[in-house]
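Colleague: Please see the structure below; I have some questions.
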Amino acid sequence: MAAKKKKIAKKPTSTTAKKTKTTKPPVKKGEKVTSPKKSSPPLKVIRTIREMRKYLGQVRGRNQRVALVPTMGFLHEGHLSLVREARKHAAIVVVSIFVNPAQFAPTEDLDRYPRDFSGDRRKLKHEGATVIFAPDPAEIYPESFQTFVDVTGVTRDFCGASRPSHFRGVTTVVNLLINIIKPDMAIFGEKDFQQLVTIRRMVKDFRLEIDIMGMPTLREEDGLAMSSRNAFLSPAQRQQATAIYRGLRKARRLLDSGERDAAELAAVVLDLLREEQNLEIEYVAVCDPETLERIPEVEKKSVLLVAVRVGDTRLIDNMRLHVRPVRKRKRK
Ligand code: AMP
């Protein structure tokens, strides 16, 4: 591999110039770059609840809006797109990096979940995030901990069916983060569609004073949804995994050609997935994007949800299937 050239930071020409490091990480092909605002304070790393509350107590006094982007780290462009959006809405952007043990079953991949704290910190600094909140598991779940948040209806099917305690872990930790940070808004990816619906439900039911924003899924060039878990895929599995997006697009084309039957739309995805060896289908379903109830026919808005296993790696994806109004062709 060729050695990467480091850009040398220019010395400030004026003595009044603020200390800002200008060394930038290398930019990958296709990567969108937003430069950190000159006024951005240096990226802080906070590991305890006490320190987090103290810090926010100081800055919030200045009437700053706070946005929270919860993550499990090993950040990719999908995560960073949430951070960029957060910066548009809030002066203080808190990114939590916490591989939440409560959302992993004992048989799942908690121990092998990929981690790269220094890489994450470098990326977040470049994006102009304000704070990384990266507590130890014992800080969030001391031995005495015994309270969980359980959203019922929308978590029953799909990922909730195969991972029964997963969403309970997610909503518990998100509720804790909201309580600790008290953000004005929190941003999540639509990639984890059921998670987003579940969090919206929790916020509504608990009357939490926070805006929840959902952002579109960022994809690799071949359409595979970006995910920290993609790192587990062998080149052959990585190729097989592209069948998911190919299937979703085929279903969308079928919808656009007039098909409304949910079983027919799901069938084109299933057929493409079944062509791949060693790809185990968990579910392919068309459902209502708010209630997550399965629907027999697409009327206006719906979402097609997919989960598969490729080897030991579980991948999820989805596509909104909205009936677009028919455009009348202009006569020449
Ligand atoms: P995770 O670290 O996997 O828990 O994800 C943290 C946040 O990033 C969640 O709100 C995810 O939905 C979101 N996210 C993950 N992958 C993507 C992606 N490919 N595009 C957009 N958002 C994503």
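Naming works like this for the structure tokens: A, B, ... for the chains as they're shown, residue 1 at the start of each chain, ligands 1 onward in shown order.
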Please run DSSP on the backbone and report, as an mmCIF file with N, CA and C atoms, in the first residue's frame, all residues within segment 49-101 of chain A that come out as strand (DSSP E).
Modeller:
data_model
loop_
_atom_site.group_PDB
_atom_site.id
_atom_site.type_symbol
_atom_site.label_atom_id
_atom_site.label_comp_id
_atom_site.auth_asym_id
_atom_site.auth_seq_id
_atom_site.Cartn_x
_atom_site.Cartn_y
_atom_site.Cartn_z
ATOM 1 N N VAL A 66 -29.364 20.919 21.342
ATOM 2 C CA VAL A 66 -28.552 19.695 21.427
ATOM 3 C C VAL A 66 -29.190 18.606 20.573
ATOM 4 N N ALA A 67 -28.379 17.977 19.711
ATOM 5 C CA ALA A 67 -28.858 16.825 18.931
ATOM 6 C C ALA A 67 -28.075 15.590 19.350
ATOM 7 N N LEU A 68 -28.777 14.477 19.416
ATOM 8 C CA LEU A 68 -28.139 13.209 19.786
ATOM 9 C C LEU A 68 -28.155 12.255 18.596
ATOM 10 N N VAL A 69 -27.011 11.629 18.328
ATOM 11 C CA VAL A 69 -26.938 10.571 17.307
ATOM 12 C C VAL A 69 -26.437 9.300 18.008
ATOM 13 N N PRO A 70 -27.350 8.397 18.347
ATOM 14 C CA PRO A 70 -26.900 7.183 19.035
ATOM 15 C C PRO A 70 -26.300 6.174 18.050
ATOM 16 N N THR A 71 -25.138 5.635 18.382
ATOM 17 C CA THR A 71 -24.504 4.621 17.520
ATOM 18 C C THR A 71 -23.815 3.568 18.386
ATOM 19 N N ILE A 92 -24.878 21.815 19.335
ATOM 20 C CA ILE A 92 -24.146 20.771 20.070
ATOM 21 C C ILE A 92 -24.598 19.415 19.564
ATOM 22 N N VAL A 93 -23.662 18.676 18.999
ATOM 23 C CA VAL A 93 -24.000 17.351 18.455
ATOM 24 C C VAL A 93 -23.301 16.288 19.301
ATOM 25 N N VAL A 94 -24.116 15.529 20.023
ATOM 26 C CA VAL A 94 -23.573 14.458 20.858
ATOM 27 C C VAL A 94 -23.729 13.148 20.095
ATOM 28 N N VAL A 95 -22.620 12.455 19.882
ATOM 29 C CA VAL A 95 -22.676 11.139 19.241
ATOM 30 C C VAL A 95 -22.343 10.121 20.321
ATOM 31 N N SER A 96 -23.284 9.232 20.602
ATOM 32 C CA SER A 96 -22.956 8.205 21.590
ATOM 33 C C SER A 96 -22.377 6.999 20.861
ATOM 34 N N ILE A 97 -21.331 6.453 21.446
ATOM 35 C CA ILE A 97 -20.734 5.218 20.933
ATOM 36 C C ILE A 97 -20.817 4.226 22.078
#
Colleague: Excluding Gly311 of chain A and any residue of its chain fewer than 6 positions from it, enumerate the residues within 10 Å of it, using only C-alpha atoms, and give them as a PDB file with C-alpha atoms, in the first residue's frame.
Modeller:
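As written to disk, part04.pdb reads:
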ATOM      1  CA  PHE A 232     -17.841  -9.693   8.646  1.00  0.00           C
ATOM      2  CA  LEU A 233     -18.655 -10.702   5.051  1.00  0.00           C
ATOM      3  CA  SER A 234     -16.184 -12.648   2.915  1.00  0.00           C
ATOM      4  CA  GLN A 237     -20.760 -13.410   0.845  1.00  0.00           C
ATOM      5  CA  ASN A 278     -25.985 -20.195   1.742  1.00  0.00           C
ATOM      6  CA  LEU A 279     -28.243 -17.193   2.083  1.00  0.00           C
ATOM      7  CA  GLU A 280     -30.898 -17.894   4.661  1.00  0.00           C
TER       8      GLU A 280
END
Colleague: Would you list the contacts of segment 160-167 of chain A as a count of residues only, taking every protein, DNA or RNA residue within 12 Å and counting only C-alpha atoms, but skipping same-chain residues closer than 5 positions in sequence?
Modeller: 40
Colleague: Taking only C-alpha atoms and all ligand atoms into account, list the residues no farther than 8 Å from ligand 1, as a ChimeraX atom specification.
Modeller: /A:69-79,81-82,97,99,187-193,195-196,214-219,225-228
Colleague: Any chance you could tabulate, as JSON lines, the residues of segment 106-198 of chain A at most 10 Å from segment 43-51 of chain A with each one's nearest atom pair and distance in Å to one decimal, using only C-alpha atoms, in chain and rising number order?
Modeller:
{"residue": "A:Arg121", "atom": "CA", "partner": "A:Leu43", "partner_atom": "CA", "distance": 8.2}
{"residue": "A:Arg122", "atom": "CA", "partner": "A:Leu43", "partner_atom": "CA", "distance": 9.4}
{"residue": "A:Leu124", "atom": "CA", "partner": "A:Leu43", "partner_atom": "CA", "distance": 7.8}
{"residue": "A:Lys125", "atom": "CA", "partner": "A:Leu43", "partner_atom": "CA", "distance": 5.8}
{"residue": "A:His126", "atom": "CA", "partner": "A:Leu43", "partner_atom": "CA", "distance": 9.3}
{"residue": "A:Glu127", "atom": "CA", "partner": "A:Leu43", "partner_atom": "CA", "distance": 9.9}
{"residue": "A:Gly128", "atom": "CA", "partner": "A:Leu43", "partner_atom": "CA", "distance": 7.4}
{"residue": "A:Ala129", "atom": "CA", "partner": "A:Leu43", "partner_atom": "CA", "distance": 6.4}
{"residue": "A:Thr130", "atom": "CA", "partner": "A:Leu43", "partner_atom": "CA", "distance": 5.0}
{"residue": "A:Val131", "atom": "CA", "partner": "A:Lys44", "partner_atom": "CA", "distance": 4.7}
{"residue": "A:Ile132", "atom": "CA", "partner": "A:Val45", "partner_atom": "CA", "distance": 4.8}
{"residue": "A:Phe133", "atom": "CA", "partner": "A:Ile46", "partner_atom": "CA", "distance": 5.0}
{"residue": "A:Ala134", "atom": "CA", "partner": "A:Arg47", "partner_atom": "CA", "distance": 5.0}
{"residue": "A:Pro135", "atom": "CA", "partner": "A:Arg47", "partner_atom": "CA", "distance": 4.3}
{"residue": "A:Asp136", "atom": "CA", "partner": "A:Arg47", "partner_atom": "CA", "distance": 7.0}
{"residue": "A:Glu139", "atom": "CA", "partner": "A:Thr48", "partner_atom": "CA", "distance": 6.7}
{"residue": "A:Ile140", "atom": "CA", "partner": "A:Ile49", "partner_atom": "CA", "distance": 8.2}
{"residue": "A:Leu177", "atom": "CA", "partner": "A:Ile49", "partner_atom": "CA", "distance": 9.3}
{"residue": "A:Ile180", "atom": "CA", "partner": "A:Ile49", "partner_atom": "CA", "distance": 6.6}
{"residue": "A:Ile181", "atom": "CA", "partner": "A:Ile49", "partner_atom": "CA", "distance": 8.6}
Colleague: From segment 134-254 of chain A, collect each residue whose DSSP state is alpha helix (DSSP H) and return the set as a count of residues only.
Modeller: 57
